[in-house]
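*Asks:* Supplied structure: structure_34.txt, compact mmCIF, C-alpha atoms and all ligand atoms.
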```
# COMPACT_ATOMS: atom_id res chain seq x y z
CA MET H 1223 9.86 21.39 2.70
CA ALA H 1224 12.57 19.13 3.98
CA ASN H 1225 13.57 15.84 2.41
CA GLU H 1226 11.73 16.31 -0.90
CA THR H 1227 13.88 14.33 -3.32
CA ILE H 1228 11.30 14.02 -6.08
CA PHE H 1229 7.81 14.30 -4.55
CA THR H 1230 6.16 17.58 -3.57
CA ARG H 1231 3.83 17.32 -0.61
CA TYR H 1232 0.35 18.80 -0.87
CA LYS H 1233 0.29 22.08 1.01
CA ASN H 1234 -2.89 21.23 2.96
CA ASN H 1235 -1.69 17.84 4.17
CA PRO H 1236 -2.86 15.79 5.89
CA ILE H 1237 -5.95 15.41 3.72
CA ILE H 1238 -7.70 13.05 6.16
CA ARG H 1239 -7.70 13.16 9.93
CA ALA H 1240 -9.48 11.01 12.49
CA ASP H 1241 -12.47 13.40 12.59
CA ALA H 1242 -13.53 12.15 9.11
CA VAL H 1243 -15.28 9.20 10.84
CA PRO H 1244 -17.13 9.59 14.16
CA GLY H 1245 -15.41 7.56 16.86
CA ALA H 1246 -12.19 7.06 14.90
CA ASN H 1247 -8.85 7.06 16.62
CA SER H 1248 -6.92 7.39 13.37
CA ILE H 1249 -7.31 6.99 9.59
CA PHE H 1250 -4.18 6.14 7.61
CA ASN H 1251 -2.51 3.60 5.23
CA SER H 1252 -5.40 3.71 2.74
CA ALA H 1253 -5.99 2.86 -0.93
CA VAL H 1254 -7.50 5.15 -3.57
CA VAL H 1255 -8.47 4.70 -7.24
CA ARG H 1256 -10.22 6.74 -9.89
CA PHE H 1257 -13.80 5.58 -10.37
CA GLY H 1258 -16.55 7.07 -12.55
CA ASP H 1259 -16.09 10.82 -12.62
CA GLY H 1260 -14.36 10.89 -9.23
CA TYR H 1261 -12.43 8.75 -6.81
CA VAL H 1262 -13.15 5.97 -4.35
CA GLY H 1263 -11.00 4.75 -1.52
CA VAL H 1264 -10.76 1.89 0.94
CA PHE H 1265 -9.62 3.45 4.18
CA ARG H 1266 -7.96 1.95 7.18
CA VAL H 1267 -10.01 3.23 10.09
CA ASP H 1268 -8.87 2.38 13.59
CA LEU H 1269 -11.85 3.13 15.83
CA GLN H 1270 -11.63 4.05 19.47
CA ASP H 1271 -13.40 0.80 20.37
CA ALA H 1272 -12.52 -1.54 17.48
CA ALA H 1273 -9.14 -1.52 15.85
CA HIS H 1274 -8.40 -2.00 12.16
CA GLN H 1275 -11.43 -1.79 9.87
CA LEU H 1276 -11.86 -1.07 6.17
CA HIS H 1277 -14.27 1.74 5.28
CA LEU H 1278 -15.34 3.00 1.88
CA GLY H 1279 -14.81 6.65 0.94
CA ARG H 1280 -15.84 8.79 -2.04
CA SER H 1281 -14.40 12.00 -3.40
CA LYS H 1282 -14.87 14.29 -6.38
CA ASP H 1283 -11.31 15.63 -6.43
CA GLY H 1284 -9.30 13.00 -4.55
CA LEU H 1285 -8.56 15.45 -1.75
CA LYS H 1286 -11.86 16.08 0.07
CA TRP H 1287 -13.40 12.81 1.21
CA GLU H 1288 -16.66 11.46 2.59
CA ILE H 1289 -15.91 8.24 4.47
CA GLU H 1290 -18.71 5.87 5.47
CA GLU H 1291 -19.32 5.36 9.15
CA LYS H 1292 -19.86 1.62 8.84
CA ARG H 1293 -17.14 -0.69 7.65
CA ILE H 1294 -17.26 -2.49 4.30
CA ASN H 1295 -18.94 -5.89 4.49
CA PHE H 1296 -17.25 -8.41 2.18
CA LYS H 1297 -19.86 -11.09 1.46
CA GLY H 1298 -18.93 -14.74 1.10
CA ASN H 1299 -18.60 -18.07 2.79
CA LEU H 1300 -14.93 -18.19 3.59
CA GLN H 1301 -15.08 -19.28 7.14
CA ASP H 1302 -12.99 -16.80 9.06
CA ASN H 1303 -14.40 -13.42 9.92
CA GLY H 1304 -11.28 -11.45 8.99
CA LEU H 1305 -12.37 -11.44 5.38
CA SER H 1306 -15.54 -9.58 6.27
CA GLY H 1307 -13.80 -6.21 6.34
CA VAL H 1308 -11.70 -6.28 9.47
CA GLY H 1309 -8.05 -5.58 8.82
CA TYR H 1310 -5.63 -2.96 7.70
CA ASP H 1311 -3.27 -1.54 5.07
CA PRO H 1312 -5.45 -2.11 1.94
CA ARG H 1313 -4.25 -1.86 -1.65
CA ILE H 1314 -6.58 -1.74 -4.68
CA THR H 1315 -5.74 -3.06 -8.16
CA GLU H 1316 -8.05 -2.89 -11.17
CA ILE H 1317 -7.82 -6.04 -13.30
CA GLU H 1318 -10.08 -6.43 -16.34
CA GLY H 1319 -12.81 -4.15 -14.97
CA GLU H 1320 -12.85 -5.59 -11.44
CA TYR H 1321 -11.30 -3.91 -8.42
CA TYR H 1322 -9.35 -6.30 -6.21
CA ILE H 1323 -8.56 -5.32 -2.66
CA THR H 1324 -5.76 -6.92 -0.68
CA TRP H 1325 -5.29 -6.27 3.01
CA CYS H 1326 -3.74 -7.67 6.11
CA TYR H 1327 -5.65 -9.25 8.99
CA TYR H 1328 -5.32 -11.72 11.83
CA PRO H 1329 -7.53 -14.83 11.45
CA GLY H 1330 -5.56 -16.63 14.14
CA GLY H 1331 -1.96 -16.67 15.15
CA GLY H 1332 -0.53 -14.00 12.88
CA PRO H 1333 -0.97 -11.55 10.03
CA CYS H 1334 -2.07 -12.91 6.66
CA ILE H 1335 -3.36 -11.53 3.36
CA GLY H 1336 -7.06 -11.33 2.52
CA LEU H 1337 -8.41 -10.72 -0.98
CA GLY H 1338 -11.80 -9.32 -1.93
CA LYS H 1339 -13.27 -7.66 -4.99
CA THR H 1340 -15.95 -5.32 -6.26
CA LYS H 1341 -17.16 -3.98 -9.59
CA ASP H 1342 -19.20 -1.06 -8.34
CA PHE H 1343 -17.93 -0.22 -4.83
CA LYS H 1344 -21.45 -0.99 -3.59
CA THR H 1345 -21.20 -4.74 -3.05
CA PHE H 1346 -17.99 -6.46 -2.03
CA GLU H 1347 -17.17 -10.15 -2.33
CA GLN H 1348 -14.67 -12.32 -0.49
CA VAL H 1349 -12.23 -13.99 -2.87
CA ALA H 1350 -9.60 -15.85 -0.87
CA VAL H 1351 -7.29 -16.03 2.07
CA THR H 1352 -4.44 -15.44 -0.32
CA LEU H 1353 -1.29 -15.87 1.72
CA LEU H 1354 -1.10 -17.53 5.10
CA PRO H 1355 0.59 -16.16 8.24
CA TYR H 1356 3.01 -14.58 8.57
CA ASN H 1357 2.53 -12.22 5.70
CA ARG H 1358 1.90 -8.52 5.09
CA ASN H 1359 1.96 -5.87 2.35
CA ALA H 1360 0.42 -7.52 -0.70
CA ALA H 1361 -0.15 -5.69 -3.99
CA LEU H 1362 -1.53 -7.30 -7.16
CA PHE H 1363 -0.22 -6.41 -10.62
CA PRO H 1364 -2.92 -4.80 -12.84
CA ARG H 1365 -2.72 -7.48 -15.55
CA LYS H 1366 -1.76 -11.09 -16.02
CA ILE H 1367 1.92 -11.65 -16.77
CA ASN H 1368 2.83 -14.64 -18.93
CA GLY H 1369 -0.80 -15.79 -18.59
CA LYS H 1370 -0.91 -15.67 -14.78
CA TYR H 1371 -2.02 -13.26 -12.08
CA ALA H 1372 0.93 -11.82 -10.20
CA ILE H 1373 1.35 -10.42 -6.71
CA LEU H 1374 4.05 -8.90 -4.52
CA HIS H 1375 3.99 -9.91 -0.86
CA ARG H 1376 6.11 -9.84 2.27
CA PRO H 1377 6.56 -13.00 4.31
CA SER H 1378 7.79 -12.17 7.79
CA ASP H 1379 6.81 -12.71 11.39
CA THR H 1380 4.27 -11.50 13.86
CA GLY H 1381 4.50 -8.11 15.65
CA HIS H 1382 6.92 -5.41 14.54
CA THR H 1383 9.25 -7.84 12.91
CA PRO H 1384 12.98 -7.25 12.59
CA PHE H 1385 13.12 -8.51 8.98
CA GLY H 1386 11.13 -8.69 5.74
CA ASP H 1387 11.84 -8.99 1.99
CA ILE H 1388 9.50 -8.53 -0.98
CA TYR H 1389 8.55 -11.69 -2.92
CA TYR H 1390 6.86 -12.18 -6.29
CA ALA H 1391 4.27 -14.96 -6.74
CA THR H 1392 1.83 -16.07 -9.43
CA SER H 1393 -1.60 -17.68 -9.68
CA PRO H 1394 -3.59 -19.27 -12.51
CA ASP H 1395 -6.93 -18.34 -10.89
CA ILE H 1396 -6.18 -15.50 -8.38
CA THR H 1397 -6.94 -17.91 -5.52
CA ASN H 1398 -4.06 -20.39 -5.44
CA TRP H 1399 -0.62 -18.77 -5.23
CA GLY H 1400 2.79 -20.31 -5.87
CA GLU H 1401 6.04 -19.96 -7.82
CA HIS H 1402 7.32 -17.61 -5.10
CA ARG H 1403 10.51 -15.77 -5.99
CA PHE H 1404 12.64 -13.41 -3.95
CA LEU H 1405 12.44 -9.90 -5.43
CA LEU H 1406 14.26 -7.48 -3.16
CA GLY H 1407 15.41 -7.06 0.42
CA PRO H 1408 17.01 -4.25 2.44
CA LYS H 1409 19.93 -2.52 0.74
CA SER H 1410 20.36 1.19 1.48
CA TRP H 1411 20.84 2.64 4.98
CA TRP H 1412 17.27 4.02 5.22
CA GLU H 1413 15.71 0.57 4.54
CA SER H 1414 18.26 -1.55 6.38
CA THR H 1415 15.72 -3.39 8.60
CA LYS H 1416 12.94 -4.46 6.18
CA VAL H 1417 11.00 -3.58 3.06
CA GLY H 1418 7.40 -4.11 1.89
CA ALA H 1419 5.50 -3.47 -1.35
CA GLY H 1420 3.42 -0.29 -1.52
CA PRO H 1421 0.77 0.48 -4.19
CA ALA H 1422 -0.06 -1.74 -7.17
CA PRO H 1423 2.90 -1.66 -9.60
CA ILE H 1424 2.49 0.73 -12.56
CA GLU H 1425 3.27 -0.42 -16.11
CA THR H 1426 5.67 1.92 -17.94
CA SER H 1427 7.82 1.56 -21.05
CA GLU H 1428 10.87 1.11 -18.74
CA GLY H 1429 9.25 -1.68 -16.71
CA TRP H 1430 6.96 -1.99 -13.69
CA LEU H 1431 7.31 1.00 -11.40
CA LEU H 1432 7.28 -0.20 -7.80
CA ILE H 1433 6.93 2.18 -4.88
CA TYR H 1434 7.61 0.43 -1.59
CA HIS H 1435 8.34 1.20 2.04
CA GLY H 1436 11.74 0.71 3.61
CA VAL H 1437 12.34 0.66 7.34
CA ARG H 1438 15.38 1.31 9.48
CA THR H 1439 15.88 0.78 13.20
CA THR H 1440 17.09 3.72 15.24
CA CYS H 1441 17.75 4.15 18.96
CA SER H 1442 14.25 5.62 19.31
CA GLY H 1443 12.34 3.18 17.12
CA LEU H 1444 11.56 2.35 13.49
CA VAL H 1445 11.58 4.94 10.68
CA TYR H 1446 9.47 4.24 7.55
CA CYS H 1447 10.41 5.85 4.19
CA GLY H 1448 9.12 5.47 0.61
CA GLY H 1449 11.48 3.85 -1.92
CA GLY H 1450 11.34 3.17 -5.68
CA ALA H 1451 12.38 0.44 -8.13
CA ILE H 1452 11.69 -0.57 -11.72
CA LEU H 1453 11.06 -4.25 -12.45
CA ASP H 1454 11.39 -6.09 -15.73
CA LEU H 1455 8.07 -6.08 -17.65
CA GLU H 1456 7.93 -9.77 -18.57
CA GLU H 1457 10.06 -11.13 -15.70
CA PRO H 1458 9.05 -8.82 -12.84
CA TRP H 1459 11.09 -10.79 -10.30
CA LYS H 1460 14.12 -9.11 -11.91
CA VAL H 1461 14.94 -5.62 -10.62
CA ARG H 1462 16.18 -3.36 -13.44
CA TYR H 1463 16.74 -0.21 -11.39
CA ARG H 1464 16.43 0.67 -7.73
CA SER H 1465 16.98 4.06 -6.15
CA LYS H 1466 19.67 4.26 -3.49
CA LYS H 1467 17.95 7.42 -2.24
CA TYR H 1468 14.54 7.28 -0.63
CA LEU H 1469 11.65 8.95 -2.47
CA LEU H 1470 10.00 10.37 0.65
CA ALA H 1471 11.14 10.38 4.27
CA PRO H 1472 9.23 11.52 7.37
CA SER H 1473 10.02 15.15 8.08
CA GLU H 1474 6.76 17.11 8.35
CA LEU H 1475 5.07 17.33 11.74
CA TYR H 1476 2.15 15.11 10.62
CA GLU H 1477 4.69 12.41 9.65
CA THR H 1478 6.94 12.69 12.67
CA THR H 1479 4.21 13.04 15.31
CA GLY H 1480 1.25 10.75 15.85
CA ASP H 1481 0.40 7.31 17.16
CA VAL H 1482 3.59 5.92 15.58
CA PRO H 1483 6.10 8.70 14.87
CA ASN H 1484 8.28 8.80 11.75
CA VAL H 1485 6.14 6.79 9.35
CA VAL H 1486 5.60 7.44 5.65
CA PHE H 1487 3.64 4.42 4.34
CA PRO H 1488 2.75 4.49 0.58
CA ASN H 1489 -0.49 2.65 -0.30
CA ALA H 1490 -1.85 4.06 -3.56
CA THR H 1491 -1.04 6.07 -6.68
CA VAL H 1492 -3.30 7.90 -9.09
CA ILE H 1493 -1.96 8.93 -12.50
CA ALA H 1494 -3.36 11.96 -14.33
CA GLY H 1495 -1.45 12.75 -17.52
CA ASP H 1496 2.20 12.83 -16.49
CA ASN H 1497 1.33 13.48 -12.85
CA LEU H 1498 1.63 10.74 -10.27
CA ARG H 1499 -0.13 11.35 -6.98
CA LEU H 1500 0.97 9.21 -4.06
CA TYR H 1501 -1.39 8.52 -1.15
CA TYR H 1502 0.44 7.57 2.00
CA GLY H 1503 -0.19 6.98 5.67
CA ALA H 1504 1.51 9.50 7.96
CA ALA H 1505 2.60 8.53 11.48
CA ASP H 1506 -0.12 5.83 11.66
CA THR H 1507 -2.54 8.72 12.20
CA HIS H 1508 -3.44 10.57 8.96
CA VAL H 1509 -3.63 10.21 5.18
CA ALA H 1510 -1.41 12.56 3.16
CA VAL H 1511 -0.60 13.02 -0.54
CA ALA H 1512 2.44 14.06 -2.55
CA ASP H 1513 2.86 14.60 -6.30
CA CYS H 1514 5.61 14.11 -8.86
CA LYS H 1515 5.96 13.81 -12.63
CA LEU H 1516 5.94 10.16 -13.68
CA GLY H 1517 8.77 10.67 -16.20
CA GLU H 1518 10.89 12.51 -13.61
CA LEU H 1519 10.32 9.74 -11.06
CA ILE H 1520 11.51 7.10 -13.52
CA ASP H 1521 14.58 9.21 -14.37
CA PHE H 1522 15.25 9.73 -10.65
CA ILE H 1523 15.18 5.98 -9.96
CA LYS H 1524 17.41 5.25 -12.97
CA LYS H 1525 19.87 8.02 -12.13
CA ASN H 1526 20.17 6.94 -8.50
CA SER H 1527 20.31 3.22 -9.25
CA GLU H 1528 23.38 1.12 -8.53
C1 LIG Y 1601 3.64 -2.04 10.14
C2 LIG Y 1601 2.14 -2.07 9.86
C3 LIG Y 1601 1.68 -0.72 9.34
C4 LIG Y 1601 2.20 0.43 10.16
C5 LIG Y 1601 3.69 0.30 10.41
C6 LIG Y 1601 4.23 1.39 11.33
O1 LIG Y 1601 4.05 -3.21 10.78
O2 LIG Y 1601 1.47 -2.39 11.04
O3 LIG Y 1601 0.28 -0.70 9.38
O4 LIG Y 1601 1.98 1.65 9.47
O5 LIG Y 1601 3.94 -0.96 10.99
O6 LIG Y 1601 3.63 1.30 12.60
```
Rewrite the coordinates I just gave you, this time as structure tokens.
Ligand code: BMA

*Replies:*
Amino acid sequence: MANETIFTRYKNNPIIRADAVPGANSIFNSAVVRFGDGYVGVFRVDLQDAAHQLHLGRSKDGLKWEIEEKRINFKGNLQDNGLSGVGYDPRITEIEGEYYITWCYYPGGGPCIGLGKTKDFKTFEQVAVTLLPYNRNAALFPRKINGKYAILHRPSDTGHTPFGDIYYATSPDITNWGEHRFLLGPKSWWESTKVGAGPAPIETSEGWLLIYHGVRTTCSGLVYCGGGAILDLEEPWKVRYRSKKYLLAPSELYETTGDVPNVVFPNATVIAGDNLRLYYGAADTHVAVADCKLGELIDFIKKNSE
């Protein structure tokens, strides 16, 4: 297949199409984790009559999914209804036995970051309106760093914004966030417009492996690719390596054709042994997966780093 620098796409991609949920327009940009003896996922389902909802899915093998027809209901008293399960582009991070879900939604004038959690994927709790508008693309680190929770996020603007850099922030209690530090902005040609964090960073002996999306503007619209970087373990706002080459670029029909053409949007990874499986949204229409060897991915990022 074209444009495979390091990942190999699954031959039966896309693994999820709109027909997985009755009345769906599209299912894409979704988060998956291992749970029990299988997998669970929080899926972005855009319905034909109600855009942007989060639905729970279950799978034995991570490839064939049953997705619930009703959206997740995050319980809690935080006043705005966005935290009840309306929104899009979820990420899941397991921290000390609890699964935290970040996502983007519009409580008022612009996109902001909601945070909820669950232990069992049966009941879901609201945690906080984590980052105020305008903000998108938040992913929590899977452990505290220097005694504090840590998150990557992307302050920007409303709509399809012409800019966006990834920031690192910390919290003593997972509710109040501060100490914001610039992490990385556009650099290579394929990400020259904006960047945003993808799945929860993965701890490796070389540092935190970050997979992110990078966007460029062309004469026929935006093109979204997957990129990779390795961040310092104890000072993750320092980039140790960053690949000049993209990791995955839209080239298959299900990535180049759909509601929004030319979008590869990484949301989740699952590690099994040395295999890293990436779950990504394709053309704002489907969910697809691609695999690589974790060690080879780290070598690829180091070798192609500036
Ligand atoms: C971004 C988000 C994503 C989407 C992408 C491409 O701004 O809205 O959900 O995949 O645009 O349309």

*Asks:* Report, in Å to a single decimal, how far apart CA of Pro1488 (chain H) and CA of Asp1379 (chain H) are.

*Replies:*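 Atom-to-atom, CA of Asp1379 (chain H) to CA of Pro1488 (chain H), that is 20.7 Å.
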
*Asks:* Using only C-alpha atoms and all ligand atoms, determine which residues fall within 6 Å of ligand LIG 1601 (chain Y), then list them as a short mmCIF file (atom, residue, chain, number, x, y, z; two decimals) with C-alpha atoms, in the coordinates of the input.

*Replies:*
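Full text of selection-v9.cif as output:
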```cif
data_model
loop_
_atom_site.label_atom_id
_atom_site.label_comp_id
_atom_site.auth_asym_id
_atom_site.auth_seq_id
_atom_site.Cartn_x
_atom_site.Cartn_y
_atom_site.Cartn_z
CA ASP H 1311 -3.27 -1.54 5.07
CA HIS H 1382 6.92 -5.41 14.54
CA VAL H 1482 3.59 5.92 15.58
CA ASP H 1506 -0.12 5.83 11.66
#
```

*Asks:* Would you please work out which residue, of H:Phe1404, H:Tyr1463, H:Trp1325, H:Phe1385, is nearest to Phe1522 (chain H) when using all atoms listed in the file?

*Replies:*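 Under the stated criterion, the closest residue is H:Tyr1463.
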
*Asks:* For Thr1392 (chain H), find every residue with an atom within 6 Å (counting all atoms listed in the file), except residues of its own chain fewer than 4 positions away, and show them as JSON, numbers by chain.

*Replies:* {"H": [1371, 1372, 1399, 1400, 1401]}

*Asks:* Give me a file of those residues, with C-alpha atoms, as a tab-separated table (two decimals), in the frame of the given file.

*Replies:*
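Result went into result-v6.tsv, see below:
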```tsv
chain	number	residue	atom	x	y	z
H	1371	TYR	CA	-2.02	-13.26	-12.08
H	1372	ALA	CA	0.93	-11.82	-10.20
H	1399	TRP	CA	-0.62	-18.77	-5.23
H	1400	GLY	CA	2.79	-20.31	-5.87
H	1401	GLU	CA	6.04	-19.96	-7.82
```

*Asks:* Can you measure CA of Ser1281 (chain H) to CA of Asn1489 (chain H) for me? One decimal in Å is fine.

*Replies:*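 Those two atoms sit 17.0 Å apart.
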
*Asks:* Counting only C-alpha atoms, what is within 8 Å of region 1441-1446 of chain H, bar same-chain residues fewer than 4 positions away, as a ChimeraX atom specification?

*Replies:* /H:1412-1413,1435-1437,1471-1472,1483-1487

*Asks:* May I ask for the distance between CA of Ala1391 (chain H) and CA of Leu1362 (chain H), given in Å to one decimal place?

*Replies:*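 Atom-to-atom, CA of Ala1391 (chain H) and CA of Leu1362 (chain H) are spaced 9.6 Å apart.
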
*Asks:* So which residues touch Thr1507 (chain H) within 9 Å, counting all atoms listed in the file, skipping near sequence neighbours fewer than 3 positions away, as a PyMOL selection string?

*Replies:* chain H and resi 1239-1240+1247-1251+1476-1477+1479-1482+1503-1504

*Asks:* For Ser1427 (chain H), which residue out of H:Gly1336, H:Pro1312, H:Gly1517, H:Pro1329 is the nearest one, using only C-alpha atoms?

*Replies:* H:Gly1517

*Asks:* At a cut-off of 9 Å, using all atoms listed in the file, what residues contact region 1350-1356 of chain H? Leave out same-chain residues fewer than 5 positions from it and give the result as a list in words.

*Replies:*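 Everything that qualifies: Leu1300, Leu1305, Thr1324, Tyr1328, Pro1329, Gly1330, Gly1331, Gly1332, Pro1333, Cys1334, Ile1335, Gly1336, Leu1337, Gly1338, His1375, Arg1376, Pro1377, Ser1378, Asp1379, Thr1380, Ile1396, Thr1397, Asn1398 and Trp1399 of chain H.
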
*Asks:* Have region 1490-1509 of chain H completed to N, CA and C atoms, please, and pass it along as a JSON list (two decimals), keeping the file's coordinate frame.

*Replies:*
```
[["chain", "number", "residue", "atom", "x", "y", "z"],
["H", 1490, "ALA", "N", -1.10, 3.93, -2.32],
["H", 1490, "ALA", "CA", -1.85, 4.06, -3.56],
["H", 1490, "ALA", "C", -1.23, 5.16, -4.43],
["H", 1491, "THR", "N", -1.43, 5.00, -5.75],
["H", 1491, "THR", "CA", -1.04, 6.07, -6.68],
["H", 1491, "THR", "C", -2.21, 6.32, -7.62],
["H", 1492, "VAL", "N", -2.32, 7.55, -8.06],
["H", 1492, "VAL", "CA", -3.30, 7.90, -9.09],
["H", 1492, "VAL", "C", -2.54, 8.69, -10.15],
["H", 1493, "ILE", "N", -2.66, 8.25, -11.42],
["H", 1493, "ILE", "CA", -1.96, 8.93, -12.50],
["H", 1493, "ILE", "C", -2.95, 9.83, -13.24],
["H", 1494, "ALA", "N", -2.55, 11.06, -13.49],
["H", 1494, "ALA", "CA", -3.36, 11.96, -14.33],
["H", 1494, "ALA", "C", -2.40, 12.64, -15.29],
["H", 1495, "GLY", "N", -2.44, 12.24, -16.56],
["H", 1495, "GLY", "CA", -1.45, 12.75, -17.52],
["H", 1495, "GLY", "C", -0.08, 12.27, -17.10],
["H", 1496, "ASP", "N", 0.85, 13.22, -16.94],
["H", 1496, "ASP", "CA", 2.20, 12.83, -16.49],
["H", 1496, "ASP", "C", 2.34, 12.99, -14.98],
["H", 1497, "ASN", "N", 1.22, 13.29, -14.30],
["H", 1497, "ASN", "CA", 1.33, 13.48, -12.85],
["H", 1497, "ASN", "C", 1.03, 12.20, -12.09],
["H", 1498, "LEU", "N", 1.89, 11.89, -11.15],
["H", 1498, "LEU", "CA", 1.63, 10.74, -10.27],
["H", 1498, "LEU", "C", 1.36, 11.28, -8.87],
["H", 1499, "ARG", "N", 0.19, 10.95, -8.35],
["H", 1499, "ARG", "CA", -0.13, 11.35, -6.98],
["H", 1499, "ARG", "C", -0.02, 10.15, -6.06],
["H", 1500, "LEU", "N", 0.76, 10.29, -5.03],
["H", 1500, "LEU", "CA", 0.97, 9.21, -4.06],
["H", 1500, "LEU", "C", 0.12, 9.48, -2.82],
["H", 1501, "TYR", "N", -0.65, 8.46, -2.41],
["H", 1501, "TYR", "CA", -1.39, 8.52, -1.15],
["H", 1501, "TYR", "C", -0.61, 7.70, -0.13],
["H", 1502, "TYR", "N", -0.34, 8.30, 1.01],
["H", 1502, "TYR", "CA", 0.44, 7.57, 2.00],
["H", 1502, "TYR", "C", -0.07, 7.82, 3.42],
["H", 1503, "GLY", "N", 0.15, 6.84, 4.27],
["H", 1503, "GLY", "CA", -0.19, 6.98, 5.67],
["H", 1503, "GLY", "C", 0.92, 7.76, 6.36],
["H", 1504, "ALA", "N", 0.53, 8.67, 7.26],
["H", 1504, "ALA", "CA", 1.51, 9.50, 7.96],
["H", 1504, "ALA", "C", 1.40, 9.24, 9.45],
["H", 1505, "ALA", "N", 2.49, 8.75, 10.02],
["H", 1505, "ALA", "CA", 2.60, 8.53, 11.48],
["H", 1505, "ALA", "C", 1.46, 7.66, 12.03],
["H", 1506, "ASP", "N", 0.99, 6.71, 11.25],
["H", 1506, "ASP", "CA", -0.12, 5.83, 11.66],
["H", 1506, "ASP", "C", -1.30, 6.63, 12.22],
["H", 1507, "THR", "N", -1.52, 7.83, 11.65],
["H", 1507, "THR", "CA", -2.54, 8.72, 12.20],
["H", 1507, "THR", "C", -3.39, 9.38, 11.11],
["H", 1508, "HIS", "N", -2.75, 9.82, 10.00],
["H", 1508, "HIS", "CA", -3.44, 10.57, 8.96],
["H", 1508, "HIS", "C", -3.17, 9.97, 7.59],
["H", 1509, "VAL", "N", -3.94, 10.47, 6.59],
["H", 1509, "VAL", "CA", -3.63, 10.21, 5.18],
["H", 1509, "VAL", "C", -3.09, 11.51, 4.58]]
```
